[in-house]
Amino acid sequence: MSGRYKSIVVDERGGGYLRTVCDYVHLNPVRAGLVATQQPLSAYRWSSYPLYLAVGRRPGWLRVDRLLGEHGLARDDAAGRREFARQVEQRRREGDPAQAWAA
């Protein structure tokens with residue numbers, strides 16, 4: 001059986017794979033041209049990314065601690081969320097994410 005979609009287990013113990021997958025998904029609106037260059041990625045409301053930066057309005061299933069930990073951030077506080085946003089925006093500025101992940 002073949003097709004366009006596939007699923008694999010993403011194990012947070014996999015040496016950065018969780019971070020890579022989440023960054024890829026969070027940067028999809030950039031690759032699709034749905035976020036203007038001058039807009040922060042958090043402006044795209046159809047993503048879980050803004051929820052990682054929010055306080056108090058997160059769904060129970062969203063495990064913020066796992067992804068922040070993958071980014072080297074031990075605490076889910078204002079400073080940690082700012083650093084997380086900085087890292088994701090930096091990855092966005094590194095160039096065309098599709099080329100980086102194509103390999």
# chains A, B, ... in the order shown; residues from 1 in each chain; ligands from 1

$ residues_around --residues "segment 63-71 of chain A" --least-positions-apart "4" --cutoff "12 Å" --atoms "only C-alpha atoms" --output "PDB file with C-alpha atoms, in the first residue's frame"
ATOM      1  CA  VAL A  10       7.654  10.209  17.303  1.00  0.00           C
ATOM      2  CA  ASP A  11       9.548   9.290  20.441  1.00  0.00           C
ATOM      3  CA  GLU A  12      10.895  12.217  22.457  1.00  0.00           C
ATOM      4  CA  ARG A  13      13.918  10.090  23.350  1.00  0.00           C
ATOM      5  CA  GLY A  14      14.943  10.019  19.697  1.00  0.00           C
ATOM      6  CA  GLY A  15      17.823  12.484  19.693  1.00  0.00           C
ATOM      7  CA  GLY A  16      16.063  15.669  18.606  1.00  0.00           C
ATOM      8  CA  TYR A  17      13.569  14.102  16.241  1.00  0.00           C
ATOM      9  CA  LEU A  18      10.582  15.493  18.170  1.00  0.00           C
ATOM     10  CA  ARG A  19      12.021  19.008  17.841  1.00  0.00           C
ATOM     11  CA  THR A  20      12.668  18.535  14.127  1.00  0.00           C
ATOM     12  CA  VAL A  21       9.145  17.278  13.473  1.00  0.00           C
ATOM     13  CA  CYS A  22       7.481  20.013  15.532  1.00  0.00           C
ATOM     14  CA  ASP A  23       9.582  22.761  13.961  1.00  0.00           C
ATOM     15  CA  HIS A  26       5.093  24.843  12.956  1.00  0.00           C
ATOM     16  CA  SER A  48      -0.783  24.946  17.739  1.00  0.00           C
ATOM     17  CA  TYR A  49       2.350  27.132  17.761  1.00  0.00           C
ATOM     18  CA  PRO A  50       0.646  30.178  19.377  1.00  0.00           C
ATOM     19  CA  LEU A  51      -0.589  27.893  22.161  1.00  0.00           C
ATOM     20  CA  TYR A  52       3.008  27.092  23.119  1.00  0.00           C
ATOM     21  CA  LEU A  53       3.509  30.812  23.739  1.00  0.00           C
ATOM     22  CA  ALA A  54       0.238  31.293  25.635  1.00  0.00           C
ATOM     23  CA  VAL A  55      -0.537  30.973  29.303  1.00  0.00           C
ATOM     24  CA  GLY A  56      -3.697  29.438  30.716  1.00  0.00           C
ATOM     25  CA  ARG A  58      -3.886  25.533  26.390  1.00  0.00           C
ATOM     26  CA  PRO A  59      -5.739  22.290  25.776  1.00  0.00           C
ATOM     27  CA  ARG A  75      10.873  25.976  32.455  1.00  0.00           C
ATOM     28  CA  ASP A  76       7.554  26.982  30.974  1.00  0.00           C
ATOM     29  CA  ASP A  77       7.767  30.588  32.103  1.00  0.00           C
ATOM     30  CA  ALA A  79      11.529  33.826  29.670  1.00  0.00           C
ATOM     31  CA  GLY A  80      11.332  30.241  28.388  1.00  0.00           C
ATOM     32  CA  ARG A  81       8.476  31.059  26.030  1.00  0.00           C
ATOM     33  CA  ARG A  82      10.321  34.116  24.683  1.00  0.00           C
ATOM     34  CA  GLU A  83      13.415  31.991  24.058  1.00  0.00           C
ATOM     35  CA  PHE A  84      11.332  29.297  22.372  1.00  0.00           C
ATOM     36  CA  ALA A  85       9.778  31.926  20.060  1.00  0.00           C
ATOM     37  CA  ARG A  86      13.236  33.359  19.350  1.00  0.00           C
ATOM     38  CA  GLN A  87      14.593  29.928  18.397  1.00  0.00           C
ATOM     39  CA  VAL A  88      11.673  29.117  16.096  1.00  0.00           C
ATOM     40  CA  ARG A  91      14.994  28.715  12.295  1.00  0.00           C
TER      41      ARG A  91
END

$ residues_around --residues "segment 43-47 of chain A" --least-positions-apart "6" --cutoff "9 Å" --atoms "only C-alpha atoms" --output "PyMOL selection string"
chain A and resi 25-26+29+34-35

$ atom_distance --atom1 "atom CA of Leu27 of chain A" --atom2 "atom CA of Glu89 of chain A"
9.1 Å

$ atom_distance --atom1 "atom CA of Tyr5 of chain A" --atom2 "atom CA of Arg93 of chain A"
27.6 Å

$ select_by_dssp --residues "chain A" --states "alpha helix (DSSP H)" --output "number ranges by chain"
A: 17-26, 28-31, 49-53, 64-70, 78-93, 97-102

$ atom_distance --atom1 "atom CA of Leu62 of chain A" --atom2 "atom CA of Arg31 of chain A"
23.6 Å

$ closest_residue --among "A:Leu41, A:Leu73, A:Val9, A:Gly60" --to "Arg92 of chain A" --atoms "only C-alpha atoms"
A:Leu41
